[in-house]
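Peer 1: Got a file for you: input_30.txt, compact mmCIF, C-alpha atoms.
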# COMPACT_ATOMS: atom_id res chain seq x y z
CA MET A 1 26.88 210.32 107.49
CA THR A 2 29.47 207.55 107.45
CA ALA A 3 33.04 208.83 107.43
CA ILE A 4 36.44 207.25 107.05
CA GLU A 5 38.57 208.64 109.85
CA GLU A 6 41.93 207.23 108.77
CA VAL A 7 43.43 204.83 106.26
CA ALA A 8 46.71 203.00 106.75
CA THR A 9 48.35 200.59 104.34
CA PHE A 10 51.02 197.95 104.25
CA VAL A 11 52.99 197.38 101.07
CA PRO A 12 55.60 194.64 101.38
CA ALA A 13 58.99 195.20 99.77
CA ALA A 14 59.14 192.05 97.62
CA ARG A 15 57.99 192.05 94.01
CA THR A 16 57.37 189.32 91.44
CA PRO A 17 57.71 190.26 87.76
CA ILE A 18 54.65 189.53 85.63
CA GLY A 19 56.82 187.28 83.46
CA ASP A 20 57.32 184.95 86.43
CA LEU A 21 53.58 184.23 86.72
CA THR A 22 53.55 181.76 83.84
CA GLY A 23 52.94 178.05 84.09
CA PRO A 24 49.97 175.76 84.83
CA GLY A 25 46.96 177.84 85.84
CA GLY A 26 48.95 181.02 85.24
CA LEU A 27 49.67 183.36 82.38
CA GLY A 28 50.64 182.30 78.86
CA PRO A 29 53.25 184.09 76.72
CA THR A 30 50.56 186.11 74.92
CA ASP A 31 49.10 187.20 78.27
CA VAL A 32 52.50 188.36 79.52
CA ARG A 33 53.17 190.31 76.34
CA VAL A 34 49.79 192.08 76.48
CA PHE A 35 49.82 192.60 80.25
CA GLN A 36 53.20 194.33 80.04
CA ARG A 37 52.62 196.24 76.84
CA TYR A 38 49.02 197.41 77.16
CA PHE A 39 47.70 196.64 80.62
CA GLY A 40 50.49 198.53 82.37
CA LEU A 41 51.18 195.55 84.63
CA ARG A 42 54.89 195.15 85.39
CA GLU A 43 55.24 193.44 88.75
CA VAL A 44 53.08 192.46 91.71
CA ALA A 45 53.65 192.92 95.43
CA ARG A 46 54.45 189.80 97.42
CA ASP A 47 54.91 189.16 101.12
CA PRO A 48 56.72 185.81 100.94
CA ASP A 49 57.58 185.55 104.62
CA GLY A 50 54.26 186.65 106.08
CA GLY A 51 50.88 184.98 106.40
CA LEU A 52 47.45 186.56 106.16
CA THR A 53 47.36 187.62 109.79
CA HIS A 54 50.67 189.44 109.38
CA LEU A 55 49.46 191.13 106.20
CA LEU A 56 46.33 192.50 107.90
CA ARG A 57 47.97 193.33 111.19
CA ALA A 58 50.73 195.30 109.46
CA ALA A 59 48.16 197.64 107.93
CA ALA A 60 46.21 198.03 111.18
CA ASP A 61 49.40 198.81 113.09
CA GLY A 62 49.82 201.89 110.91
CA LEU A 63 46.62 203.50 112.23
CA THR A 64 47.57 206.27 114.64
CA GLY A 65 43.94 206.69 115.68
CA LEU A 66 43.63 203.15 116.92
CA ARG A 67 46.25 203.15 119.65
CA GLY A 68 44.75 203.78 123.06
CA ARG A 69 41.23 203.64 121.66
CA GLU A 70 40.93 199.91 121.10
CA ASP A 71 37.84 199.77 123.29
CA ARG A 72 35.96 201.92 120.81
CA ILE A 73 36.11 199.34 118.02
CA ARG A 74 32.72 197.66 117.75
CA TYR A 75 33.22 195.87 114.45
CA LEU A 76 36.27 194.38 112.81
CA ILE A 77 35.43 193.49 109.23
CA HIS A 78 37.77 191.72 106.84
CA ALA A 79 36.66 192.49 103.29
CA ARG A 80 37.70 189.54 101.15
CA THR A 81 37.61 188.54 97.51
CA VAL A 82 37.89 184.82 98.22
CA GLU A 83 36.06 182.98 100.96
CA SER A 84 38.38 182.33 103.85
CA ALA A 85 40.14 179.01 103.49
CA GLN A 86 41.94 178.25 106.71
CA PRO A 87 41.92 175.06 108.74
CA TYR A 88 39.50 175.32 111.67
CA PRO A 89 39.90 176.91 114.17
CA VAL A 90 42.49 179.21 112.55
CA CYS A 91 40.82 182.50 111.70
CA ALA A 92 42.92 185.48 110.64
CA VAL A 93 40.36 188.14 111.49
CA GLU A 94 39.99 186.75 115.01
CA GLU A 95 43.78 186.58 115.38
CA VAL A 96 44.01 190.22 114.37
CA ARG A 97 41.24 191.15 116.80
CA ASP A 98 42.97 189.34 119.65
CA GLY A 99 46.40 190.66 118.71
CA LEU A 100 45.22 194.26 118.62
CA GLY A 101 43.29 193.86 121.88
CA LEU A 102 39.94 194.72 120.32
CA ASP A 103 38.09 192.86 123.02
CA GLY A 104 34.75 194.54 122.39
CA ALA A 105 34.74 194.06 118.63
CA MET A 106 32.57 191.67 116.68
CA ALA A 107 34.94 190.20 114.07
CA PHE A 108 33.70 188.83 110.79
CA THR A 109 34.37 188.62 107.07
CA VAL A 110 32.41 189.79 104.03
CA THR A 111 33.14 188.18 100.68
CA GLN A 112 29.86 188.36 98.81
CA HIS A 113 30.95 191.14 96.45
CA ALA A 114 34.37 189.58 95.76
CA CYS A 115 36.87 192.37 94.97
CA ALA A 116 34.15 194.98 95.50
CA SER A 117 33.67 193.79 99.10
CA GLY A 118 35.89 196.58 100.44
CA LEU A 119 33.32 199.21 99.55
CA LEU A 120 30.55 196.92 100.78
CA ALA A 121 32.35 196.66 104.14
CA VAL A 122 32.59 200.45 104.51
CA ASP A 123 28.88 200.78 103.73
CA LEU A 124 28.01 197.95 106.12
CA ALA A 125 30.21 199.41 108.87
CA GLY A 126 28.39 202.72 108.53
CA ARG A 127 24.99 201.02 108.73
CA LEU A 128 25.95 199.02 111.82
CA LEU A 129 27.38 202.07 113.57
CA ALA A 130 24.28 204.09 112.68
CA GLN A 131 22.06 201.38 114.14
CA ASP A 132 24.06 201.44 117.38
CA GLY A 133 24.00 205.23 117.47
CA ASP A 134 27.18 205.66 119.52
CA PRO A 135 29.24 208.55 118.08
CA ALA A 136 32.39 207.35 119.86
CA ALA A 137 32.20 203.87 118.33
CA ARG A 138 34.36 202.86 115.39
CA ALA A 139 34.56 200.02 112.90
CA LEU A 140 37.82 198.76 111.47
CA VAL A 141 37.70 197.56 107.87
CA LEU A 142 40.65 195.46 106.74
CA SER A 143 41.41 194.39 103.18
CA GLY A 144 44.16 192.43 101.48
CA GLU A 145 44.77 188.74 100.83
CA LYS A 146 47.41 186.17 100.08
CA ALA A 147 47.74 185.13 96.45
CA PHE A 148 48.34 181.61 97.62
CA THR A 149 47.09 179.44 94.76
CA ALA A 150 47.39 179.63 90.99
CA ASP A 151 43.68 180.45 90.78
CA VAL A 152 44.10 183.67 92.72
CA ARG A 153 47.48 184.75 91.38
CA THR A 154 46.00 185.88 88.09
CA ILE A 155 42.65 186.67 86.49
CA PRO A 156 42.64 185.31 82.95
CA GLU A 157 42.88 188.02 80.28
CA THR A 158 42.57 190.67 82.97
CA SER A 159 45.08 191.06 85.77
CA ALA A 160 47.64 189.71 88.20
CA MET A 161 47.06 189.78 91.93
CA GLY A 162 49.27 191.51 94.46
CA GLU A 163 49.70 191.16 98.20
CA ALA A 164 49.29 194.47 99.99
CA SER A 165 46.78 195.49 102.62
CA ALA A 166 44.79 198.39 103.99
CA ALA A 167 43.05 199.30 107.23
CA ALA A 168 40.28 201.88 107.31
CA LEU A 169 38.87 203.30 110.51
CA VAL A 170 35.18 204.04 109.99
CA ARG A 171 33.00 206.23 112.17
CA LEU A 172 29.34 207.18 112.29
CA ASP A 173 29.94 210.79 111.42
CA GLY A 174 32.89 213.05 110.95
CA ARG A 175 34.55 215.72 108.91
CA THR A 176 37.19 213.56 107.25
CA ASP A 177 36.39 211.59 104.13
CA ARG A 178 32.63 211.55 104.42
CA VAL A 179 30.77 208.97 102.34
CA LEU A 180 28.38 210.93 100.12
CA SER A 181 26.92 208.00 98.21
CA TYR A 182 27.30 204.34 97.36
CA ALA A 183 26.00 202.49 94.31
CA THR A 184 26.33 198.78 93.73
CA ARG A 185 24.84 196.31 91.32
CA THR A 186 25.24 192.54 91.29
CA GLU A 187 24.61 190.55 88.11
CA GLY A 188 24.04 187.09 89.57
CA ARG A 189 24.06 185.28 86.25
CA PHE A 190 27.83 185.75 86.27
CA HIS A 191 28.19 184.04 89.66
CA LEU A 192 30.61 181.40 88.34
CA GLY A 193 33.25 184.11 88.21
CA ARG A 194 36.41 182.98 86.46
CA ARG A 195 34.73 179.69 85.49
CA LEU A 196 31.99 181.23 83.36
CA PRO A 197 31.09 179.25 80.23
CA GLU A 198 32.22 181.08 77.09
CA ARG A 199 28.75 182.36 76.21
CA LEU A 200 28.37 184.08 79.59
CA ALA A 201 32.00 185.21 79.63
CA GLU A 202 31.33 186.97 76.34
CA GLN A 203 28.27 188.66 77.85
CA PHE A 204 30.28 189.74 80.87
CA ARG A 205 32.97 191.28 78.67
CA ALA A 206 30.32 192.96 76.54
CA GLU A 207 28.51 194.44 79.55
CA TYR A 208 31.48 195.23 81.78
CA PHE A 209 32.05 198.84 80.80
CA ASP A 210 28.38 199.86 80.65
CA ARG A 211 27.70 198.24 84.04
CA LEU A 212 30.68 199.87 85.70
CA ALA A 213 29.92 203.22 84.08
CA GLY A 214 26.34 202.80 85.32
CA VAL A 215 27.27 202.53 89.00
CA VAL A 216 29.82 205.33 88.68
CA ARG A 217 27.17 207.63 87.23
CA ALA A 218 24.61 206.49 89.82
CA ALA A 219 26.96 207.18 92.73
CA VAL A 220 27.85 210.61 91.35
CA ARG A 221 24.18 211.43 90.80
CA ARG A 222 23.18 210.30 94.30
CA ALA A 223 25.92 212.52 95.71
CA GLY A 224 24.31 215.45 93.91
CA LEU A 225 27.36 215.90 91.71
CA ARG A 226 28.46 215.69 88.11
CA LEU A 227 31.38 213.58 86.88
CA ALA A 228 33.37 216.76 86.31
CA ASP A 229 33.12 217.51 90.05
CA LEU A 230 35.31 214.52 90.91
CA ALA A 231 38.90 215.45 91.68
CA VAL A 232 40.09 211.90 91.16
CA ILE A 233 38.87 208.34 90.75
CA LEU A 234 40.55 205.77 92.97
CA PRO A 235 40.12 202.56 90.98
CA HIS A 236 40.72 198.89 91.38
CA ASN A 237 44.12 198.10 89.91
CA VAL A 238 43.06 195.40 87.45
CA ASN A 239 44.79 197.05 84.53
CA ARG A 240 45.36 200.40 82.87
CA HIS A 241 43.70 199.48 79.59
CA SER A 242 40.26 198.82 81.09
CA TRP A 243 40.28 202.23 82.76
CA ILE A 244 41.20 203.94 79.51
CA ARG A 245 38.20 202.29 77.90
CA LEU A 246 35.92 203.10 80.83
CA CYS A 247 36.99 206.74 80.65
CA GLN A 248 35.94 206.78 77.01
CA VAL A 249 32.53 205.38 77.94
CA LEU A 250 31.87 207.77 80.84
CA PRO A 251 33.49 210.13 79.57
CA PHE A 252 36.12 211.16 82.15
CA PRO A 253 39.76 212.30 81.78
CA VAL A 254 41.99 209.29 82.31
CA ASP A 255 44.69 211.46 83.87
CA ARG A 256 42.33 211.91 86.83
CA VAL A 257 42.20 208.17 87.47
CA LEU A 258 44.99 207.16 89.83
CA LEU A 259 46.73 204.37 87.95
CA THR A 260 50.26 204.74 89.32
CA ASN A 261 49.98 201.62 91.46
CA VAL A 262 48.94 199.30 88.62
CA PRO A 263 52.52 198.59 87.45
CA LEU A 264 53.95 198.59 90.97
CA LEU A 265 51.54 196.47 93.00
CA GLY A 266 49.08 194.68 90.73
CA HIS A 267 45.46 194.10 91.73
CA CYS A 268 45.49 193.73 95.51
CA PHE A 269 42.05 192.15 95.94
CA CYS A 270 39.73 194.48 97.93
CA ALA A 271 42.53 196.80 99.05
CA ASP A 272 43.10 198.73 95.80
CA PRO A 273 40.89 201.81 96.40
CA PHE A 274 42.34 202.24 99.89
CA LEU A 275 45.93 201.78 98.72
CA ASN A 276 45.23 204.34 96.02
CA TYR A 277 43.69 206.69 98.59
CA ARG A 278 46.96 206.75 100.53
CA THR A 279 48.92 207.32 97.33
CA ALA A 280 46.62 210.21 96.37
CA VAL A 281 46.95 211.83 99.79
CA GLU A 282 50.72 211.44 99.90
CA ALA A 283 51.05 212.82 96.36
CA GLY A 284 48.90 215.84 97.20
CA GLN A 285 46.22 214.79 94.72
CA LEU A 286 43.46 215.12 97.30
CA ARG A 287 42.86 218.49 98.89
CA ARG A 288 40.50 219.38 101.67
CA GLY A 289 36.94 219.42 100.33
CA ASP A 290 37.73 217.44 97.17
CA ARG A 291 35.09 214.98 96.08
CA TYR A 292 36.44 211.66 94.81
CA LEU A 293 35.18 208.25 93.81
CA MET A 294 36.31 204.77 94.74
CA ALA A 295 35.36 202.04 92.28
CA SER A 296 35.74 198.31 92.16
CA VAL A 297 34.38 195.25 90.38
CA GLY A 298 34.10 191.78 91.86
CA LEU A 299 33.86 188.63 89.81
CA GLY A 300 30.49 187.09 90.32
CA ALA A 301 29.72 189.91 89.30
CA THR A 302 29.37 193.07 91.39
CA PHE A 303 30.00 196.61 90.19
CA SER A 304 30.43 199.22 92.93
CA ALA A 305 31.23 202.90 93.29
CA MET A 306 31.40 205.16 96.32
CA VAL A 307 31.69 208.95 96.35
CA LEU A 308 33.46 210.59 99.29
CA GLN A 309 34.52 214.08 100.28
CA HIS A 310 38.02 214.58 101.63
CA MET B 1 58.39 197.73 57.57
CA THR B 2 55.58 197.18 55.07
CA SER B 3 55.19 199.91 52.44
CA PHE B 4 51.76 200.99 51.30
CA ALA B 5 53.15 202.77 48.24
CA ALA B 6 52.38 199.88 45.98
CA GLY B 7 48.76 198.99 45.31
CA ASP B 8 49.27 195.39 46.30
CA ALA B 9 50.64 196.34 49.72
CA ALA B 10 47.13 196.52 51.14
CA ALA B 11 46.41 193.05 49.80
CA SER B 12 49.63 191.82 51.36
CA LEU B 13 48.71 193.35 54.71
CA ARG B 14 45.21 191.87 54.51
CA SER B 15 46.71 188.46 53.87
CA TRP B 16 49.15 188.79 56.76
CA LEU B 17 46.43 190.04 59.15
CA THR B 18 44.18 187.16 58.15
CA ALA B 19 46.99 184.72 58.86
CA ARG B 20 47.65 186.24 62.30
CA VAL B 21 43.96 186.15 63.22
CA ALA B 22 43.80 182.53 62.12
CA VAL B 23 46.72 181.71 64.41
CA TYR B 24 44.98 183.29 67.39
CA LEU B 25 41.67 181.61 66.58
CA ASP B 26 43.40 178.32 65.78
CA CYS B 27 41.58 177.89 62.48
CA PRO B 28 42.53 177.89 58.75
CA PRO B 29 42.98 181.39 57.22
CA GLY B 30 40.42 180.49 54.57
CA GLN B 31 37.70 180.50 57.21
CA ILE B 32 38.29 184.16 58.08
CA ASP B 33 36.02 186.67 56.33
CA PRO B 34 37.87 190.05 56.28
CA ALA B 35 34.55 191.90 56.33
CA ARG B 36 33.30 190.20 59.50
CA SER B 37 33.83 191.60 62.99
CA LEU B 38 36.77 189.98 64.76
CA ALA B 39 34.79 189.97 67.99
CA GLU B 40 32.20 187.75 66.31
CA TYR B 41 34.95 185.22 65.71
CA GLY B 42 35.79 185.30 69.40
CA LEU B 43 38.89 187.47 69.06
CA HIS B 44 38.48 189.54 72.17
CA SER B 45 40.41 191.20 74.92
CA VAL B 46 43.95 189.86 75.22
CA LEU B 47 44.01 188.29 71.76
CA ALA B 48 42.83 191.50 70.10
CA LEU B 49 45.52 193.42 71.93
CA ALA B 50 48.10 190.80 70.94
CA LEU B 51 47.07 191.37 67.33
CA GLY B 52 47.57 195.09 67.90
CA ALA B 53 51.07 194.38 69.19
CA ASP B 54 51.79 192.26 66.11
CA ILE B 55 50.69 195.14 63.89
CA GLU B 56 52.82 197.66 65.78
CA ASP B 57 55.88 195.45 65.50
CA ARG B 58 55.40 194.65 61.80
CA LEU B 59 54.62 198.18 60.69
CA CYS B 60 56.92 199.97 63.16
CA ILE B 61 54.10 202.24 64.33
CA GLY B 62 52.39 203.01 67.60
CA LEU B 63 48.65 202.41 67.91
CA GLU B 64 46.11 203.49 70.46
CA PRO B 65 45.26 200.46 72.62
CA THR B 66 41.64 200.75 71.47
CA PHE B 67 42.56 200.65 67.77
CA ILE B 68 41.29 197.11 67.25
CA TRP B 69 37.94 197.92 68.88
CA ASP B 70 37.59 201.07 66.83
CA HIS B 71 38.27 199.14 63.60
CA PRO B 72 36.66 195.76 64.18
CA THR B 73 37.14 194.01 60.82
CA ILE B 74 40.26 193.11 58.86
CA ASP B 75 39.08 195.28 55.96
CA ASP B 76 38.57 198.21 58.32
CA LEU B 77 42.00 197.66 59.88
CA VAL B 78 43.72 197.61 56.50
CA ALA B 79 42.01 200.83 55.43
CA HIS B 80 42.93 202.71 58.59
CA LEU B 81 46.41 201.27 58.92
CA SER B 82 47.27 202.76 55.55
CA ASP B 83 46.53 206.20 57.00
CA ALA B 84 48.27 205.45 60.28
CA VAL B 85 51.46 204.33 58.56
CA ALA B 86 51.47 207.35 56.24
CA LYS B 87 51.02 209.76 59.18
CA GLN B 88 53.60 208.22 61.46
CA HIS B 89 56.26 207.88 58.77
CA GLN B 90 55.98 211.39 57.43
CA PRO B 91 59.42 213.08 57.36
Could you spell out this file's structure in C-alpha cells?

Peer 2:
Amino acid sequence: MTAIEEVATFVPAARTPIGDLTGPGGLGPTDVRVFQRYFGLREVARDPDGGLTHLLRAAADGLTGLRGREDRIRYLIHARTVESAQPYPVCAVEEVRDGLGLDGAMAFTVTQHACASGLLAVDLAGRLLAQDGDPAARALVLSGEKAFTADVRTIPETSAMGEASAAALVRLDGRTDRVLSYATRTEGRFHLGRRLPERLAEQFRAEYFDRLAGVVRAAVRRAGLRLADLAVILPHNVNRHSWIRLCQVLPFPVDRVLLTNVPLLGHCFCADPFLNYRTAVEAGQLRRGDRYLMASVGLGATFSAMVLQH
Amino acid sequence: MTSFAAGDAAASLRSWLTARVAVYLDCPPGQIDPARSLAEYGLHSVLALALGADIEDRLCIGLEPTFIWDHPTIDDLVAHLSDAVAKQHQP
C-alpha cells in the first residue's frame, strides 16, 4: 500500500494583498470585495526573488529522510497545474534532480489533472514503485509553481494563486500516512478551463459541488469508511466559501476542514493539500491512526480525493 | 438602515434590490422579474455574493454566505430579509 513517508514545505515570507491583484487580466473591485469578505482570501504568498527551481528545491531541502539516501529515489515527479513553459533546454525538475544529486531518478512532470495533479502524482508514484517492487525505493513528488502571468495569478470568480511549495517522499509500503483510497473523475467537456464559453461555465458551476462531493464519497467508501470517520479534510485553498457549500452538500462539519491557510497563502496550485498536511501535523490536528482526506479540483476539469491514515 | 415597520418598506426594498441586480446584470431594472430565479438571469457566484454584501451594508445585518442561494428570487429575498432584520435588531 502506497505510503507518504515525509512531507516538507516551503512558504516564502513575502505576501501580496488581494487588493493588489487588480488590473488587466486580474481582479475587479467587485471580486476584491467578495474575495475578502466571503472567500476568506486576504493575501497570497509570493517568492519575488526566487525562480521555480528555487521554489521546488527549498521544499525538498526540508526533507530529513532524503539526505544520505539520494540513491534510493527512482522517480522525481513535479505535479503541475500549468504545462511547463521554460525556454529549452531549461527544465526545473531536471535542475532539481541534478542539484539534489538524484542521479538514479527519472524526472518528469504531470499536469493532466491541473491543480489535482498532486494527488495524481502520489497515486502514480505508488503504481510505479509497486511495479518495480523494490521496498527501499522512493519517489519524490514536488508541487508548487510561480504565479508568473496574469492568467495564473487569479482564477476568475474563484481564487488567487500563491507561491509556496511542497515535497512528499513516497514509498511502496510503510506505516506512516498510508494511502487507503483514491478517487478521481475528469469531465473532459470542461477542458477549456478558464476559457469556457458561458454555457459550459454555467454547467461547471452547477455541477462543481456534486462532482466534488461524489469523489469525496467514493474515496471514503473505497477506504471502507464513513465521512464521520475522517478526522480532517485537507482541501485545496481556492476559497472558504466553496468549502462551506461543499460541507452542506456532503454533509460534513466545516470546522473539520483545514481552512487556516486560505487567508494566509492563497491557492498554491497543486501544493495545497500537502501544505495543509504540514499545518495539521504542526497544530496537532492529526494523531496517530487518524484517517483524513486530501481533496483538490483542477480546471479542465478533474475532481480528486484521496483518503490516508496517519 | 431600512425599516420594515411600514407596509411600503418591503416594496422599497424590492425596488432597491431590483436596481442592484440590474446594475450587476447591466440591464434596465424593468427587465428584472422579482419572481424569477437570479441564477437564471446569470447572477451567479461572485455577483450573487456582492449582492449579499450590498444587502448587509444597507440593512446593517449579517447574512450567511449562502443566503442568496437559499433565497433565489427577489421576492423570496424580500420575504426572508424582513425576518432577518427583525431578528437581528431585536433589543

Peer 1: Can you pull out the residues contacting Ala39 of chain B? Cut-off 10 Å, using only C-alpha atoms, and skip same-chain residues under 3 positions away; I want them as an MDAnalysis selection string.

Peer 2: (chainID A and resid 202) or (chainID B and resid 36 42:45 48 68:69 72:73)

Peer 1: For the residues in the current selection, export C-alpha atoms as a CSV table (one decimal), in the coordinates of the input.

Peer 2:
chain,number,residue,atom,x,y,z
A,202,GLU,CA,31.3,187.0,76.3
B,36,ARG,CA,33.3,190.2,59.5
B,42,GLY,CA,35.8,185.3,69.4
B,43,LEU,CA,38.9,187.5,69.1
B,44,HIS,CA,38.5,189.5,72.2
B,45,SER,CA,40.4,191.2,74.9
B,48,ALA,CA,42.8,191.5,70.1
B,68,ILE,CA,41.3,197.1,67.2
B,69,TRP,CA,37.9,197.9,68.9
B,72,PRO,CA,36.7,195.8,64.2
B,73,THR,CA,37.1,194.0,60.8

Peer 1: Residues of chain B within 12 Å of chain A, counting only C-alpha atoms, what are they? List them as a list in words.

Peer 2: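 Therefore, the residues near the partner are Tyr24, Ala39, Glu40, Tyr41, Gly42, Leu43, His44, Ser45, Val46, Leu47, Ala48, Leu49, Ala50, Leu51, Gly52, Ala53, Asp54, Glu56, Asp57, Gly62, Leu63, Glu64, Pro65, Thr66, Phe67, Trp69 and Asp70 of chain B.
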
Peer 1: Print the selection's residues with C-alpha atoms to a file, as a compact mmCIF listing (two decimals), in the frame of the given file.

Peer 2:
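Saved to part-v8.txt:
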# COMPACT_ATOMS: atom_id res chain seq x y z
CA TYR B 24 44.98 183.29 67.39
CA ALA B 39 34.79 189.97 67.99
CA GLU B 40 32.20 187.75 66.31
CA TYR B 41 34.95 185.22 65.71
CA GLY B 42 35.79 185.30 69.40
CA LEU B 43 38.89 187.47 69.06
CA HIS B 44 38.48 189.54 72.17
CA SER B 45 40.41 191.20 74.92
CA VAL B 46 43.95 189.86 75.22
CA LEU B 47 44.01 188.29 71.76
CA ALA B 48 42.83 191.50 70.10
CA LEU B 49 45.52 193.42 71.93
CA ALA B 50 48.10 190.80 70.94
CA LEU B 51 47.07 191.37 67.33
CA GLY B 52 47.57 195.09 67.90
CA ALA B 53 51.07 194.38 69.19
CA ASP B 54 51.79 192.26 66.11
CA GLU B 56 52.82 197.66 65.78
CA ASP B 57 55.88 195.45 65.50
CA GLY B 62 52.39 203.01 67.60
CA LEU B 63 48.65 202.41 67.91
CA GLU B 64 46.11 203.49 70.46
CA PRO B 65 45.26 200.46 72.62
CA THR B 66 41.64 200.75 71.47
CA PHE B 67 42.56 200.65 67.77
CA TRP B 69 37.94 197.92 68.88
CA ASP B 70 37.59 201.07 66.83

Peer 1: Contacts of segment 42-47 of chain A at 7 Å or less, counting all atoms listed in the file, minus same-chain residues fewer than 5 places along, as JSON, numbers by chain?

Peer 2: {"A": [12, 14, 15, 16, 17, 18, 36, 161, 162, 163, 164, 263, 264, 265, 266]}

Peer 1: For Ala231 of chain A, find every residue with an atom within 6 Å (counting all atoms listed in the file), except residues of its own chain fewer than 6 positions away, and show them as a PDB file with C-alpha atoms, in the coordinates of the input.

Peer 2:
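In the end it all went to result-v7.pdb:
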ATOM      1  CA  ASP A 290      37.730 217.440  97.170  1.00  0.00           C
ATOM      2  CA  ARG A 291      35.090 214.980  96.080  1.00  0.00           C
ATOM      3  CA  TYR A 292      36.440 211.660  94.810  1.00  0.00           C
TER       4      TYR A 292
END

Peer 1: My list of candidates is A:Leu225, A:Val7, A:Ala125, A:Ala295. Which is closest to Asn237 of chain A when distances are computed with all atoms listed in the file?

Peer 2: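 Closest to Asn237 of chain A, using all atoms listed in the file: A:Ala295.
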
Peer 1: Which polymer residues have any atom within 9 Å of an atom of Trp243 of chain A, counting only C-alpha atoms, with same-chain residues fewer than 5 positions away left out, as number ranges by chain?

Peer 2: A: 235, 238, 248, 254, 257, 259

Peer 1: Can you tell me, as lines of an AutoDock Vina configuration file, the centre and edge lengths (Å, one decimal) of the axis-aligned box enclosing all of segment 29-41 of chain B's listed atoms after padding each side by 3 Å?

Peer 2:
center_x = 37.6
center_y = 186.2
center_z = 61.3
size_x = 16.8
size_y = 17.4
size_z = 19.4

Peer 1: Any idea what the distance is between atom CA of Gln309 of chain A and atom CA of Val93 of chain A?

Peer 2: 28.9 Å

Peer 1: If you count only C-alpha atoms, which residues fall within 8 Å of Ile32 of chain B, apart from same-chain ones fewer than 3 positions away, as a PyMOL selection string?

Peer 2: chain B and resi 18+21-22+28-29+36

Peer 1: Up to 9 Å from (49.0, 195.1, 111.1) in the file's coordinates: name the residues, counting only C-alpha atoms, as an MDAnalysis selection string.

Peer 2: chainID A and resid 9:10 53:63 96 100 165:167

Peer 1: Measuring between only C-alpha atoms, which one of A:Gly50, A:Gly118, A:Gly65, A:Gly214 shows the shortest distance to Gly144 of chain A?

Peer 2: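 Closest candidate: A:Gly118.
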